[in-house]
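Text of protein.txt, listed as compact mmCIF, C-alpha atoms and all ligand atoms:
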# COMPACT_ATOMS: atom_id res chain seq x y z
CA MET T 26 -16.80 42.29 18.75
CA ILE T 27 -13.10 41.66 18.32
CA ASP T 28 -10.61 44.45 18.98
CA THR T 29 -9.18 44.76 15.45
CA ILE T 30 -5.58 45.96 15.17
CA ILE T 31 -5.01 47.90 11.96
CA ILE T 32 -1.39 47.94 10.77
CA ARG T 33 0.91 48.56 7.81
CA GLU T 34 3.93 46.76 6.39
CA ASN T 35 6.27 47.86 9.21
CA ARG T 36 4.28 45.65 11.64
CA ILE T 37 3.83 42.65 9.31
CA ASN T 38 5.55 40.36 11.85
CA GLU T 39 2.66 40.80 14.28
CA ALA T 40 0.19 39.73 11.59
CA ALA T 41 2.29 36.65 10.75
CA ASP T 42 2.40 35.69 14.46
CA ALA T 43 -1.36 36.13 14.66
CA LEU T 44 -1.85 33.68 11.77
CA LYS T 45 0.41 31.15 13.51
CA LYS T 46 -1.71 31.50 16.66
CA GLY T 47 -4.93 30.73 14.77
CA GLN T 48 -6.15 34.31 14.49
CA LEU T 49 -7.78 36.06 11.51
CA VAL T 50 -5.73 38.47 9.38
CA VAL T 51 -6.94 40.60 6.46
CA PHE T 52 -4.21 41.27 3.88
CA PRO T 53 -3.87 42.72 0.38
CA THR T 54 -3.29 40.58 -2.70
CA GLU T 55 -2.92 41.64 -6.33
CA THR T 56 -6.57 40.66 -7.03
CA VAL T 57 -8.65 41.77 -3.99
CA TYR T 58 -8.07 41.84 -0.21
CA GLY T 59 -8.14 38.40 1.46
CA LEU T 60 -9.37 37.27 4.90
CA GLY T 61 -6.77 34.76 6.04
CA ALA T 62 -6.38 31.98 8.60
CA ASP T 63 -3.98 29.05 9.02
CA ALA T 64 -5.38 26.54 6.47
CA LEU T 65 -4.28 23.55 8.53
CA ASN T 66 -6.05 24.73 11.69
CA PRO T 67 -9.77 23.87 11.34
CA GLU T 68 -10.80 26.01 14.34
CA ALA T 69 -9.11 29.05 12.81
CA VAL T 70 -10.68 28.37 9.39
CA LYS T 71 -14.16 28.09 10.91
CA LYS T 72 -13.80 31.65 12.18
CA ILE T 73 -13.49 32.88 8.57
CA PHE T 74 -17.00 31.67 7.78
CA VAL T 75 -18.37 33.36 10.89
CA ALA T 76 -16.59 36.69 10.23
CA LYS T 77 -17.85 36.84 6.63
CA GLY T 78 -21.23 35.21 7.13
CA ARG T 79 -20.12 32.79 4.39
CA PRO T 80 -22.04 29.56 3.66
CA THR T 81 -19.90 26.64 4.86
CA ASP T 82 -20.33 24.63 1.64
CA ASN T 83 -18.38 27.30 -0.24
CA PRO T 84 -14.76 26.09 -0.26
CA LEU T 85 -11.76 28.36 0.32
CA ILE T 86 -8.65 29.05 -1.71
CA VAL T 87 -5.38 28.18 0.05
CA HIS T 88 -2.57 30.70 -0.49
CA ILE T 89 1.05 29.62 -0.47
CA SER T 90 4.40 31.36 -0.88
CA CYS T 91 6.61 28.51 -2.08
CA ARG T 92 6.58 25.16 -3.84
CA GLU T 93 7.39 23.21 -0.66
CA GLN T 94 4.01 24.21 0.73
CA LEU T 95 2.26 22.90 -2.38
CA ILE T 96 3.84 19.45 -2.14
CA GLU T 97 2.22 18.75 1.21
CA LEU T 98 -1.24 19.98 0.16
CA VAL T 99 -1.82 17.95 -3.02
CA GLU T 100 -1.81 14.29 -4.01
CA GLU T 101 0.59 14.95 -6.88
CA ILE T 102 1.95 17.82 -8.93
CA THR T 103 0.95 16.85 -12.46
CA PRO T 104 2.81 17.95 -15.63
CA THR T 105 -0.12 20.31 -16.39
CA ALA T 106 0.27 21.89 -12.94
CA GLU T 107 4.01 22.28 -13.54
CA LYS T 108 3.44 24.13 -16.83
CA LEU T 109 0.82 26.44 -15.32
CA MET T 110 2.89 27.22 -12.25
CA ALA T 111 5.97 28.01 -14.35
CA ILE T 112 4.07 30.65 -16.32
CA PHE T 113 1.40 32.07 -14.00
CA TRP T 114 2.72 31.79 -10.42
CA PRO T 115 3.07 33.91 -8.48
CA GLY T 116 -0.06 35.57 -9.86
CA PRO T 117 -3.86 35.65 -10.14
CA LEU T 118 -4.46 32.02 -11.16
CA THR T 119 -6.02 29.57 -8.70
CA ILE T 120 -5.45 25.91 -9.56
CA VAL T 121 -7.83 23.17 -8.31
CA MET T 122 -5.98 19.88 -7.74
CA LYS T 123 -6.58 16.57 -5.95
CA LYS T 124 -6.01 17.23 -2.26
CA SER T 125 -3.74 15.41 0.17
CA LYS T 126 -4.98 14.01 3.51
CA ILE T 127 -3.75 16.94 5.55
CA VAL T 128 -6.19 19.43 4.01
CA PRO T 129 -9.16 19.70 6.39
CA ASP T 130 -12.75 19.32 5.15
CA VAL T 131 -13.67 22.84 6.32
CA ILE T 132 -11.39 24.17 3.56
CA THR T 133 -12.79 22.08 0.73
CA GLY T 134 -16.45 21.83 1.72
CA GLY T 135 -15.93 18.06 1.77
CA LEU T 136 -14.62 17.88 -1.84
CA ASP T 137 -11.59 15.71 -2.69
CA THR T 138 -9.92 18.66 -4.38
CA VAL T 139 -8.26 21.82 -3.07
CA ALA T 140 -7.93 25.24 -4.72
CA ILE T 141 -4.43 26.74 -4.42
CA ARG T 142 -2.86 30.03 -5.41
CA MET T 143 0.51 31.70 -5.00
CA PRO T 144 -0.23 35.45 -4.93
CA SER T 145 2.27 37.93 -6.36
CA HIS T 146 1.54 40.88 -4.05
CA PRO T 147 4.74 41.47 -2.04
CA LEU T 148 2.87 41.89 1.28
CA ALA T 149 0.84 38.71 0.74
CA MET T 150 3.99 36.78 -0.15
CA GLU T 151 5.89 38.10 2.85
CA LEU T 152 3.03 37.48 5.27
CA ILE T 153 2.62 33.86 4.19
CA ARG T 154 6.37 33.29 4.25
CA LEU T 155 6.77 34.78 7.74
CA SER T 156 3.81 32.86 9.14
CA GLY T 157 5.19 29.58 7.83
CA VAL T 158 1.69 28.19 7.24
CA PRO T 159 -0.53 27.87 4.13
CA VAL T 160 -3.19 30.58 4.40
CA ALA T 161 -6.85 29.94 3.59
CA ALA T 162 -8.33 33.21 2.39
CA PRO T 163 -11.58 34.15 0.70
CA SER T 164 -12.20 37.74 -0.32
CA ALA T 165 -12.27 40.02 2.75
CA ASN T 166 -15.85 41.25 2.43
CA ILE T 167 -19.06 40.47 4.23
CA SER T 168 -20.74 37.74 2.12
CA GLY T 169 -22.96 39.29 -0.52
CA LYS T 170 -20.95 42.51 -0.87
CA PRO T 171 -18.50 43.10 -3.72
CA SER T 172 -14.95 41.98 -3.01
CA PRO T 173 -12.85 44.70 -1.36
CA THR T 174 -10.30 46.52 -3.48
CA SER T 175 -9.30 49.34 -1.13
CA GLU T 176 -8.33 49.94 2.49
CA ARG T 177 -11.63 51.63 3.19
CA HIS T 178 -13.66 48.62 2.03
CA VAL T 179 -11.98 46.16 4.39
CA ILE T 180 -12.20 48.49 7.35
CA GLU T 181 -15.90 49.09 6.67
CA ASP T 182 -16.70 45.40 6.34
CA LEU T 183 -14.43 43.66 8.84
CA LYS T 184 -13.28 46.02 11.61
CA GLY T 185 -14.53 44.38 14.79
CA ARG T 186 -14.71 40.93 13.18
CA VAL T 187 -11.02 40.03 12.66
CA ASP T 188 -7.82 40.24 14.71
CA TYR T 189 -5.60 42.16 12.26
CA ILE T 190 -6.04 44.23 9.13
CA LEU T 191 -2.81 44.68 7.16
CA LEU T 192 -3.25 47.68 4.87
CA GLY T 193 -1.53 47.93 1.49
CA GLY T 194 -3.38 50.47 -0.65
CA ASP T 195 -5.62 49.71 -3.61
CA THR T 196 -5.43 46.29 -5.24
CA GLU T 197 -4.15 46.07 -8.79
CA VAL T 198 -6.46 43.68 -10.64
CA GLY T 199 -9.67 44.46 -8.76
CA LEU T 200 -11.46 41.17 -9.57
CA GLU T 201 -10.94 37.78 -7.94
CA SER T 202 -8.50 35.23 -9.43
CA THR T 203 -9.23 32.94 -12.35
CA VAL T 204 -10.16 29.49 -10.95
CA LEU T 205 -8.94 26.59 -13.11
CA ASP T 206 -9.76 22.96 -12.29
CA ILE T 207 -7.14 20.50 -13.51
CA SER T 208 -8.21 17.61 -11.26
CA GLY T 209 -10.23 15.92 -14.02
CA THR T 210 -9.29 14.66 -17.48
CA LYS T 211 -9.74 18.05 -19.14
CA ALA T 212 -8.89 21.44 -17.63
CA GLN T 213 -11.89 23.66 -16.94
CA ILE T 214 -12.22 27.33 -16.07
CA LEU T 215 -14.63 27.50 -13.12
CA ARG T 216 -14.39 31.26 -12.61
CA PRO T 217 -13.11 33.72 -15.23
CA GLY T 218 -10.49 36.28 -14.21
CA VAL T 219 -7.69 38.42 -15.54
CA ILE T 220 -5.77 35.34 -16.68
CA THR T 221 -7.93 34.49 -19.68
CA TYR T 222 -8.95 31.39 -21.60
CA ASP T 223 -6.42 32.26 -24.33
CA ASP T 224 -3.61 32.82 -21.82
CA ILE T 225 -4.18 29.33 -20.38
CA PHE T 226 -4.87 27.68 -23.74
CA ASN T 227 -1.50 28.90 -25.00
CA VAL T 228 0.22 27.04 -22.17
CA ILE T 229 -1.70 23.76 -21.83
CA GLY T 230 -3.59 23.36 -25.12
CA GLU T 231 -6.80 21.66 -24.14
CA LEU T 232 -9.32 23.66 -22.11
CA SER T 233 -13.02 24.40 -21.63
CA TYR T 234 -15.32 26.59 -19.55
CA ASP T 235 -17.50 25.10 -16.83
CA PRO T 236 -20.78 24.77 -18.80
CA HIS T 237 -22.56 26.90 -16.20
CA LEU T 238 -20.54 29.94 -17.32
CA ILE T 239 -22.13 29.59 -20.75
CA ASP T 240 -25.51 28.09 -19.83
CA GLU T 241 -27.15 29.80 -16.88
CA ASN T 242 -29.35 26.80 -16.10
CA SER T 243 -26.62 24.25 -15.44
CA THR T 244 -25.14 23.83 -11.96
CA PRO T 245 -21.71 25.39 -11.41
CA LYS T 246 -18.89 23.02 -10.51
CA SER T 247 -17.33 25.67 -8.31
CA PRO T 248 -19.72 25.79 -5.34
CA GLY T 249 -19.10 29.50 -4.76
CA MET T 250 -20.34 30.42 -8.21
CA LYS T 251 -23.92 29.54 -7.37
CA TYR T 252 -24.23 32.37 -4.88
CA LYS T 253 -25.38 35.78 -5.97
CA HIS T 254 -22.26 37.75 -5.17
CA TYR T 255 -23.64 41.16 -4.74
CA SER T 256 -27.13 42.27 -4.01
CA PRO T 257 -26.96 46.03 -3.42
CA GLU T 258 -29.89 48.01 -2.14
CA ALA T 259 -29.96 49.62 -5.56
CA GLU T 260 -31.30 47.87 -8.62
CA VAL T 261 -28.45 47.35 -11.12
CA ILE T 262 -29.27 47.53 -14.84
CA ILE T 263 -26.79 46.91 -17.67
CA VAL T 264 -27.38 48.75 -20.95
CA LYS T 265 -25.83 47.32 -24.11
CA GLY T 266 -25.96 48.06 -27.85
CA ASN T 267 -25.13 50.95 -30.16
CA LYS T 268 -27.91 53.24 -29.00
CA LYS T 269 -26.87 53.09 -25.36
CA SER T 270 -26.41 56.86 -24.95
CA VAL T 271 -29.98 57.55 -26.03
CA LYS T 272 -31.37 54.70 -23.97
CA ILE T 273 -29.46 55.71 -20.85
CA GLN T 274 -30.70 59.32 -21.16
CA GLU T 275 -34.29 58.08 -21.49
CA MET T 276 -33.88 55.92 -18.41
CA ILE T 277 -32.34 58.74 -16.39
CA ASP T 278 -35.23 61.04 -17.34
CA GLU T 279 -37.84 58.44 -16.47
CA TYR T 280 -36.34 57.53 -13.10
CA THR T 281 -35.84 61.19 -12.23
CA LEU T 282 -39.53 61.85 -12.91
CA GLU T 283 -40.30 59.01 -10.51
CA HIS T 284 -38.08 60.80 -7.94
CA LYS T 285 -35.57 57.97 -8.04
CA LYS T 286 -31.89 58.68 -7.48
CA VAL T 287 -29.82 57.31 -10.39
CA GLY T 288 -26.12 56.40 -10.47
CA LEU T 289 -24.29 55.80 -13.73
CA MET T 290 -21.09 53.76 -14.05
CA ALA T 291 -19.37 53.90 -17.42
CA THR T 292 -16.08 54.62 -19.15
CA ASP T 293 -15.08 58.29 -19.43
CA ASN T 294 -16.26 59.19 -22.94
CA LEU T 295 -19.74 57.84 -22.36
CA LEU T 296 -19.89 59.26 -18.85
CA ASN T 297 -18.95 62.74 -20.03
CA SER T 298 -22.01 62.95 -22.25
CA PHE T 299 -24.31 63.03 -19.21
CA ASP T 300 -25.03 65.69 -16.59
CA GLU T 301 -27.64 65.68 -13.85
CA VAL T 302 -26.72 62.19 -12.71
CA ILE T 303 -24.44 60.73 -10.06
CA LYS T 304 -21.43 59.25 -11.87
CA CYS T 305 -18.65 56.76 -11.26
CA SER T 306 -15.89 56.34 -13.81
CA LEU T 307 -14.85 52.91 -15.03
CA GLY T 308 -11.80 54.53 -16.60
CA ASN T 309 -10.68 54.63 -20.18
CA ALA T 310 -12.70 52.60 -22.70
CA ASN T 311 -9.45 51.49 -24.34
CA SER T 312 -8.26 49.81 -21.17
CA ILE T 313 -10.31 46.82 -20.09
CA ASP T 314 -7.86 46.38 -17.18
CA ASP T 315 -8.95 49.80 -15.93
CA VAL T 316 -12.60 48.73 -16.04
CA GLY T 317 -11.84 45.55 -14.08
CA ASN T 318 -9.91 47.54 -11.51
CA LYS T 319 -12.76 50.01 -10.93
CA LEU T 320 -15.82 47.76 -11.19
CA PHE T 321 -16.27 46.78 -7.52
CA ARG T 322 -15.14 50.23 -6.39
CA CYS T 323 -17.97 51.85 -8.40
CA LEU T 324 -20.61 49.40 -7.17
CA ARG T 325 -19.61 50.09 -3.58
CA TYR T 326 -19.35 53.85 -4.11
CA LEU T 327 -22.80 54.20 -5.72
CA ASP T 328 -24.39 51.95 -3.14
CA GLN T 329 -22.91 54.08 -0.41
CA LEU T 330 -24.50 57.17 -1.95
CA LYS T 331 -27.82 55.33 -1.60
CA VAL T 332 -28.90 55.60 -5.20
CA ASP T 333 -32.07 53.69 -6.13
CA VAL T 334 -30.86 52.54 -9.54
CA ILE T 335 -27.36 51.86 -10.86
CA ILE T 336 -27.08 51.94 -14.65
CA SER T 337 -23.92 50.33 -16.03
CA GLU T 338 -22.29 50.23 -19.42
CA SER T 339 -21.89 46.74 -20.92
CA PHE T 340 -18.56 45.30 -22.11
CA ASP T 341 -17.55 42.88 -24.85
CA LYS T 342 -17.33 39.32 -23.62
CA LYS T 343 -13.80 38.71 -24.79
CA GLY T 344 -10.51 38.41 -22.89
CA PHE T 345 -10.75 39.98 -19.42
CA GLY T 346 -14.19 41.30 -20.48
CA ILE T 347 -15.63 37.84 -19.82
CA ALA T 348 -14.68 38.07 -16.14
CA ILE T 349 -15.96 41.64 -15.88
CA MET T 350 -19.34 40.75 -17.39
CA ASN T 351 -19.54 37.62 -15.20
CA ARG T 352 -19.37 39.81 -12.05
CA LEU T 353 -21.51 42.62 -13.47
CA GLU T 354 -24.30 40.32 -14.67
CA LYS T 355 -24.45 38.74 -11.22
CA ALA T 356 -24.66 42.15 -9.58
CA ALA T 357 -27.50 43.01 -11.96
CA GLY T 358 -29.30 39.71 -11.41
CA PHE T 359 -28.98 39.38 -15.23
CA HIS T 360 -31.10 42.52 -15.84
CA ILE T 361 -29.75 43.65 -19.21
CA ILE T 362 -31.37 46.08 -21.63
CA ASP T 363 -30.55 46.08 -25.33
CA SER T 364 -30.68 49.70 -26.51
CA GLU T 365 -31.32 48.53 -30.04
CA GLU T 366 -34.57 46.87 -29.04
CA ASP T 367 -37.68 48.93 -28.41
CA GLU T 368 -39.18 47.98 -25.10
CA ARG T 369 -37.48 47.21 -21.84
P1 LIG Y 401 -13.43 33.43 -2.86
O1 LIG Y 401 -12.62 32.79 -1.83
O2 LIG Y 401 -14.57 34.22 -2.31
O3 LIG Y 401 -12.60 34.16 -3.86
O4 LIG Y 401 -14.07 32.22 -3.68
C1 LIG Y 401 -13.30 31.08 -3.96
C2 LIG Y 401 -13.86 30.39 -5.17
O5 LIG Y 401 -13.10 29.20 -5.44
C3 LIG Y 401 -15.30 29.96 -4.96
O6 LIG Y 401 -16.04 30.20 -6.14
C4 LIG Y 401 -15.15 28.48 -4.66
O7 LIG Y 401 -16.29 27.76 -4.96
C5 LIG Y 401 -13.96 28.10 -5.53
N1 LIG Y 401 -13.30 26.89 -5.02
C6 LIG Y 401 -12.56 26.78 -3.91
N2 LIG Y 401 -12.14 25.51 -3.73
C7 LIG Y 401 -12.65 24.79 -4.75
C8 LIG Y 401 -12.59 23.40 -5.12
N3 LIG Y 401 -11.92 22.51 -4.40
N4 LIG Y 401 -13.26 23.04 -6.23
C9 LIG Y 401 -13.94 23.93 -6.98
N5 LIG Y 401 -14.03 25.25 -6.67
C10 LIG Y 401 -13.40 25.68 -5.58
MG MG Y 402 -15.57 36.16 -2.42
Spell out the structure here as structure tokens.
Amino acid sequence: MIDTIIIRENRINEAADALKKGQLVVFPTETVYGLGADALNPEAVKKIFVAKGRPTDNPLIVHISCREQLIELVEEITPTAEKLMAIFWPGPLTIVMKKSKIVPDVITGGLDTVAIRMPSHPLAMELIRLSGVPVAAPSANISGKPSPTSERHVIEDLKGRVDYILLGGDTEVGLESTVLDISGTKAQILRPGVITYDDIFNVIGELSYDPHLIDENSTPKSPGMKYKHYSPEAEVIIVKGNKKSVKIQEMIDEYTLEHKKVGLMATDNLLNSFDEVIKCSLGNANSIDDVGNKLFRCLRYLDQLKVDVIISESFDKKGFGIAIMNRLEKAAGFHIIDSEEDER
């Protein structure tokens, strides 16, 4: 057990010093909370994998606060990188580029590329700037749990496992960054996020998805994407289609008869048509950003209430909805029921 020091912005200097010394610091970003260490100190980086219980072949994203830091981490800054950085940095886009020699193998899982992001959260920016080092940081959760989006989540998961936790309230986006690989001939989205295909297409023109995001049977290029991200105690089931209200009611009735505790996560209008069930709101159906922000929070909340089954509304796979369904389908182990079909 490590004696974790929990602080706020007024003590940010201590957290920056800790990073410099090779210690572990949890900090907020605009996507989810990160678990940081000095990216150029392999011993410090190794501690991240231990604290999270993360497989070591899953490479880490390096967070920077200025362009000077990027220059030393990559082989070259290509014209495509320049265009992307001008529009999306600081912000929730991670760019995979050919790495320079100084990036240690523990960061990249032995790959010749490195994933880099400049976060826009003021505390993340300030922490990296004060520490003076590039900061390797995966999401600050125990591996297998949903990424943390609130102070409570990081304290629950990592108190006793890290040196500092810098608190900064709830995160804004709520899902991890978009990961875009530009190290090959054609840019590829390896992980969908709030910066969408169209957003990127409008800036660089040519673009595709990693085939694994479309075809479940192909191997993902981003090593992390092969892991099931969240396996709650509860079974997660997604219900789609126009008859979802009827289907969900049937399911609630059936599970209740079996003495199973059911949790429902859905947007407000749908949620309000049910009683007699534990609920978690995914916000307003007209705001997909709201849904993204609340997704992990609801999964964690319902799991904490020890429900046996979590039923979730389904969302259109367009724009940010693609990222939301990517995380939700993983949480559900691809268990999806079409309410317009008869059997389940
Ligand atoms: P996390 O740190 O938990 O948000 O996950 C980081 C994601 O970025 C994982 O899915 C990694 O596999 C991916 N990633 C990190 N570095 C690379 C890289 N060099 N090439 C491809 N994917 C990467
Ligand atoms: Mg993660």
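Of the residues under consideration (T:Glu100, T:Asp206, T:Asp195, T:Glu34), T:Asp206 shows the shortest atom-to-atom contact distance to ligand LIG 401 (chain Y) when counting only C-alpha atoms and all ligand atoms.
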Residues within 6 Å of ligand MG 402 (chain Y) should be enumerated using all atoms listed in the file and returned as a ChimeraX atom specification.
-> /T:163-164,172
Dump C-alpha atoms for the selected residues as a PDB file, in the frame of the given file?
ATOM      1  CA  PRO T 163     -11.580  34.150   0.700  1.00  0.00           C
ATOM      2  CA  SER T 164     -12.200  37.740  -0.320  1.00  0.00           C
ATOM      3  CA  SER T 172     -14.950  41.980  -3.010  1.00  0.00           C
TER       4      SER T 172
END
Could you pull the residues within 9 Å of region 120-125 of chain T, counting only C-alpha atoms, minus those fewer than 3 positions along the same chain, as a ChimeraX atom specification?
-> /T:86,96-103,106,109-110,128,133,136-142,203-209
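Nearest residue to Asp315 (chain T) among T:Asn166, T:Asn227, T:Asn267, T:Thr196 is T:Thr196, counting all atoms listed in the file.
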Would you list the residues near (-4.8, 20.0, 13.1) (no more than 10 Å away, in the coordinates of the file, using all atoms listed in the file) as a list of chain:residue names?
-> T:Asp63, T:Ala64, T:Leu65, T:Asn66, T:Pro67, T:Glu68, T:Ile127, T:Val128, T:Pro129
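Residues with any atom within 9 Å of region 308-313 of chain T, counting all atoms listed in the file and excluding same-chain neighbours fewer than 2 positions away, are Ala291, Thr292, Asp293, Asn294, Leu295, Cys305, Ser306, Asp315, Val316, Gly317, Asn318, Lys319, Phe340, Gly344, Phe345, Gly346 and Ile349 of chain T.
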What is the CA of Gly157 (chain T) to CA of Glu181 (chain T) distance in Å?
->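 Separation between CA of Gly157 (chain T) and CA of Glu181 (chain T): 28.8 Å.
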Length of the CA of Ala357 (chain T) to atom O4 of ligand LIG 401 (chain Y) vector [Å] |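 Rounded to one decimal, the two atoms are 19.1 Å apart.
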Enumerate, as JSON, numbers by chain, the protein, DNA and RNA residues whose atoms approach (-21.8, 40.5, 4.7) to within 9 Å, taking into account all atoms listed in the file and the coordinate frame of the file.
-> {"T": [76, 77, 78, 79, 166, 167, 168, 169, 170, 182]}
Got a sec: who's within 7 Å of His360 (chain T), counting all atoms listed in the file, leaving out chain neighbours fewer than 2 positions off, as a PyMOL selection string?
-> chain T and resi 262-263+357-358+362
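Using only C-alpha atoms, the nearest neighbour of Thr54 (chain T) within the list T:Glu197, T:Asp300, T:Asp235, T:Glu241 is T:Glu197.
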What's the 8 Å shell around Ala161 (chain T), counting all atoms listed in the file, without same-chain residues fewer than 6 positions away, as JSON, numbers by chain?
-> {"T": [60, 61, 62, 63, 64, 70, 85, 86, 87, 88, 132]}
Excluding Thr221 (chain T) and any residue of its chain fewer than 2 positions from it, enumerate the residues within 12 Å of it, using only C-alpha atoms, and give them as a PDB file with C-alpha atoms, in the coordinates of the input.
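Resulting contents of around_27.pdb:
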ATOM      1  CA  PHE T 113       1.400  32.070 -14.000  1.00  0.00           C
ATOM      2  CA  PRO T 117      -3.860  35.650 -10.140  1.00  0.00           C
ATOM      3  CA  LEU T 118      -4.460  32.020 -11.160  1.00  0.00           C
ATOM      4  CA  SER T 202      -8.500  35.230  -9.430  1.00  0.00           C
ATOM      5  CA  THR T 203      -9.230  32.940 -12.350  1.00  0.00           C
ATOM      6  CA  VAL T 204     -10.160  29.490 -10.950  1.00  0.00           C
ATOM      7  CA  LEU T 205      -8.940  26.590 -13.110  1.00  0.00           C
ATOM      8  CA  GLN T 213     -11.890  23.660 -16.940  1.00  0.00           C
ATOM      9  CA  ILE T 214     -12.220  27.330 -16.070  1.00  0.00           C
ATOM     10  CA  LEU T 215     -14.630  27.500 -13.120  1.00  0.00           C
ATOM     11  CA  ARG T 216     -14.390  31.260 -12.610  1.00  0.00           C
ATOM     12  CA  PRO T 217     -13.110  33.720 -15.230  1.00  0.00           C
ATOM     13  CA  GLY T 218     -10.490  36.280 -14.210  1.00  0.00           C
ATOM     14  CA  VAL T 219      -7.690  38.420 -15.540  1.00  0.00           C
ATOM     15  CA  ASP T 223      -6.420  32.260 -24.330  1.00  0.00           C
ATOM     16  CA  ASP T 224      -3.610  32.820 -21.820  1.00  0.00           C
ATOM     17  CA  ILE T 225      -4.180  29.330 -20.380  1.00  0.00           C
ATOM     18  CA  PHE T 226      -4.870  27.680 -23.740  1.00  0.00           C
ATOM     19  CA  ASN T 227      -1.500  28.900 -25.000  1.00  0.00           C
ATOM     20  CA  VAL T 228       0.220  27.040 -22.170  1.00  0.00           C
ATOM     21  CA  LEU T 232      -9.320  23.660 -22.110  1.00  0.00           C
ATOM     22  CA  SER T 233     -13.020  24.400 -21.630  1.00  0.00           C
ATOM     23  CA  TYR T 234     -15.320  26.590 -19.550  1.00  0.00           C
ATOM     24  CA  LYS T 342     -17.330  39.320 -23.620  1.00  0.00           C
ATOM     25  CA  LYS T 343     -13.800  38.710 -24.790  1.00  0.00           C
ATOM     26  CA  GLY T 344     -10.510  38.410 -22.890  1.00  0.00           C
ATOM     27  CA  PHE T 345     -10.750  39.980 -19.420  1.00  0.00           C
ATOM     28  CA  GLY T 346     -14.190  41.300 -20.480  1.00  0.00           C
ATOM     29  CA  ILE T 347     -15.630  37.840 -19.820  1.00  0.00           C
ATOM     30  CA  ALA T 348     -14.680  38.070 -16.140  1.00  0.00           C
ATOM     31  CA  ILE T 349     -15.960  41.640 -15.880  1.00  0.00           C
TER      32      ILE T 349
END
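Separating CA of His178 (chain T) from CA of Ala149 (chain T) is a distance of 17.6 Å.
Among the candidates T:Lys246, T:Lys46, T:Arg154, T:Lys355, the one nearest to ligand LIG 401 (chain Y) when counting only C-alpha atoms and all ligand atoms is T:Lys246.
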Which is closer to ligand LIG 401 (chain Y) than all the others in T:Lys304, T:Arg352, T:Arg92, T:Lys331, using only C-alpha atoms and all ligand atoms?
-> T:Arg352
Between T:Gly288, T:Pro84, T:Pro144, T:Gly185, which has the minimum distance to Thr119 (chain T) (counting only C-alpha atoms)?
-> T:Pro144
